[in-house]
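File shown here: entry_5.txt, holding compact mmCIF, C-alpha atoms.
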# COMPACT_ATOMS: atom_id res chain seq x y z
CA MET A 11 22.62 -47.55 14.20
CA SER A 12 20.32 -46.41 17.01
CA LEU A 13 17.75 -43.63 16.67
CA LYS A 14 19.67 -41.56 19.21
CA SER A 15 22.87 -41.90 17.18
CA SER A 16 21.07 -41.11 13.93
CA PHE A 17 19.39 -38.06 15.47
CA ALA A 18 22.76 -36.91 16.81
CA ILE A 19 24.34 -37.06 13.34
CA VAL A 20 21.42 -35.25 11.68
CA LEU A 21 21.36 -32.55 14.38
CA ARG A 22 25.10 -31.92 14.10
CA ALA A 23 24.96 -31.87 10.30
CA LEU A 24 22.05 -29.42 10.13
CA ARG A 25 23.53 -27.20 12.80
CA SER A 26 26.88 -27.16 10.99
CA GLN A 27 25.32 -26.59 7.56
CA ARG A 28 23.33 -23.63 8.87
CA LYS A 29 26.26 -22.31 10.94
CA ILE A 30 24.20 -22.34 14.14
CA THR A 31 26.06 -22.54 17.44
CA GLN A 32 24.72 -24.28 20.52
CA ARG A 33 24.34 -20.85 22.11
CA ASP A 34 22.00 -19.85 19.26
CA PHE A 35 19.40 -22.31 20.57
CA GLY A 36 18.41 -20.00 23.43
CA ASP A 37 15.74 -22.04 25.26
CA THR A 38 17.76 -25.25 25.02
CA SER A 39 20.79 -25.66 27.27
CA ARG A 40 24.16 -26.35 25.71
CA THR A 41 24.59 -29.30 28.04
CA PHE A 42 21.38 -30.86 26.72
CA LEU A 43 22.39 -30.16 23.10
CA SER A 44 25.78 -31.76 23.75
CA LYS A 45 24.03 -34.85 25.09
CA LEU A 46 21.73 -34.93 22.05
CA GLU A 47 24.66 -34.53 19.67
CA GLY A 48 26.50 -37.27 21.51
CA GLY A 49 23.56 -39.66 21.23
CA LYS A 50 23.25 -39.77 25.02
CA SER A 51 19.83 -38.14 25.42
CA SER A 52 16.34 -38.15 23.90
CA LEU A 53 13.89 -35.34 23.26
CA THR A 54 10.33 -34.66 24.25
CA LEU A 55 7.93 -33.64 21.51
CA ASP A 56 8.01 -30.06 22.78
CA LYS A 57 11.81 -29.98 22.62
CA LEU A 58 11.73 -31.59 19.16
CA GLU A 59 9.54 -28.72 18.00
CA GLN A 60 11.88 -26.11 19.51
CA VAL A 61 15.01 -27.68 18.01
CA SER A 62 13.33 -28.08 14.60
CA GLN A 63 12.19 -24.47 14.56
CA ARG A 64 15.67 -23.22 15.43
CA LEU A 65 17.14 -25.35 12.63
CA GLY A 66 14.56 -23.97 10.20
CA VAL A 67 12.97 -27.31 9.37
CA SER A 68 9.74 -29.02 10.40
CA SER A 69 9.70 -31.70 13.08
CA LEU A 70 8.58 -34.13 10.38
CA THR A 71 11.65 -33.29 8.27
CA LEU A 72 13.98 -33.77 11.23
CA LEU A 73 12.37 -37.11 12.07
CA THR A 74 12.37 -38.24 8.43
CA LEU A 75 16.08 -37.48 8.06
CA THR A 76 16.77 -39.33 11.31
CA LEU A 77 14.69 -42.38 10.36
CA GLY A 78 16.27 -42.44 6.91
CA LEU A 79 19.76 -42.51 8.36
CA GLU A 80 18.79 -45.12 10.95
CA SER A 81 17.09 -47.42 8.43
CA GLY A 82 19.30 -46.78 5.40
CA ARG A 83 16.22 -45.78 3.39
CA SER A 84 15.73 -42.61 1.40
CA SER A 85 13.47 -39.81 2.59
CA ALA A 86 11.35 -40.38 -0.53
CA GLU A 87 10.77 -44.03 0.45
CA LEU A 88 9.82 -43.07 3.99
CA ILE A 89 7.45 -40.34 2.80
CA ASN A 90 5.81 -42.78 0.39
CA ASP A 91 5.33 -45.27 3.25
CA LEU A 92 3.83 -42.49 5.35
CA ARG A 93 1.43 -41.55 2.57
CA LEU A 94 0.34 -45.18 2.18
CA GLU A 95 -0.17 -45.60 5.94
CA ILE A 96 -2.31 -42.46 6.10
CA GLU A 97 -4.33 -43.56 3.07
CA ASN A 98 -4.91 -46.93 4.76
CA LEU A 99 -6.02 -45.22 7.96
CA GLU A 100 -8.43 -43.05 5.97
CA ARG A 101 -9.76 -46.06 4.08
CA ASP A 102 -10.27 -47.90 7.37
CA GLY A 103 -12.29 -45.05 8.87
CA GLY A 104 -9.65 -42.74 10.29
CA LEU A 105 -8.83 -42.39 13.95
CA THR A 106 -11.86 -43.72 15.75
CA GLY A 107 -12.49 -42.02 19.06
CA SER A 108 -10.58 -38.91 18.05
CA GLU A 109 -13.74 -36.86 18.43
CA GLU A 110 -13.13 -37.05 22.18
CA LEU A 111 -9.58 -35.70 21.92
CA PRO A 112 -8.86 -31.98 22.23
CA HIS A 113 -8.32 -30.28 18.90
CA PRO A 114 -5.53 -27.72 19.46
CA GLY A 115 -5.60 -24.91 16.97
CA GLY A 116 -8.71 -26.32 15.34
CA ILE A 117 -6.78 -29.25 13.84
CA ARG A 118 -8.99 -32.22 13.08
CA LEU A 119 -7.56 -35.54 14.19
CA ALA A 120 -10.15 -37.68 12.43
CA LEU A 121 -8.64 -38.65 9.12
CA ASN A 122 -11.89 -39.81 7.57
CA ARG A 123 -13.34 -36.33 7.13
CA PRO A 124 -12.54 -34.45 3.93
CA PRO A 125 -11.07 -30.97 4.42
CA ALA A 126 -13.48 -28.08 4.22
CA ARG A 127 -13.59 -26.47 0.81
CA ARG A 128 -12.87 -22.80 0.53
CA SER A 129 -15.38 -20.86 -1.45
CA GLN A 130 -14.03 -18.78 -4.29
CA VAL A 131 -15.04 -15.18 -4.35
CA SER A 132 -15.18 -13.36 -7.67
CA VAL A 133 -14.12 -9.74 -7.67
Could you express the structure from this file as structure tokens?
Amino acid sequence: MSLKSSFAIVLRALRSQRKITQRDFGDTSRTFLSKLEGGKSSLTLDKLEQVSQRLGVSSLTLLTLTLGLESGRSSAELINDLRLEIENLERDGGLTGSEELPHPGGIRLALNRPPARRSQVSV
């Protein structure tokens, strides 16, 4: 099964489960949604974010469900693979050169830096 077909099935299923009509998507045209649900169109990352938000799930969840359907693997297996890949990237030094990339919203792209610790304040 193709990614487009898998995405189409997941989109239709989530939309149906949540009783969301195509009109409820607002920013996204019904024609475009019909093409997505028919497996005839692809999304940009921005549109993926909009569709995910309207469905009430993260983009990562939507992609994981799609990849699981396409590959026949469970979401748990895919998430475990993701965790291992990220651990390997961290072990290998993270994303080299990411210091030169813009950091929207203060998000760090270098995986080799530990997250800042929050200090605990006693009251």
task = Mind checking which residues fall within 12 Å of A:Ser39, counting all atoms listed in the file, ignoring those fewer than 6 positions away in the same chain, and posting them as a VMD selection string?
result = chain A and resid 31 to 33 45 to 46 57 60 to 61
message = Which residues are near stretch 84-88 of chain A? Cut-off 9 Å, only C-alpha atoms, ignore same chain within fewer than 6 positions. Put them as a PyMOL selection string.
response = chain A and resi 71+74-75+77-78
Residues near A:Ala18, cut-off 8 Å, all atoms listed in the file, skip fewer than 6 positions along chain, as an NGL selection string = :A and (46-49)
query = To one decimal place, how far is atom CA of A:Asn98 from atom CA of A:Ser16 in Å?
reply =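 Atom-to-atom, atom CA of A:Asn98 and atom CA of A:Ser16 are spaced 28.2 Å apart.
Here the question is which of A:Asn90, A:Thr54, A:Ser62, A:Ser44 gets nearest to A:Leu24 using all atoms listed in the file, and that residue is A:Ser62.
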key: Between atom CA of A:Leu43 and atom CA of A:Leu58 - distance in Å to one decimal   = 11.5 Å
Could you give me the axis-aligned bounding box of stretch 71-84 of chain A, with 5 Å of padding per side, as centre plus edge lengths in Å to one decimal, as AutoDock Vina command-line options?
--center_x 15.7 --center_y -40.4 --center_z 6.7 --size_x 18.1 --size_y 24.1 --size_z 20.7
query = Expressed in Å to a single decimal, how great is the separation between atom CA of A:Gln27 and atom CA of A:Leu92?
reply =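 Interatomic distance here is 26.8 Å.
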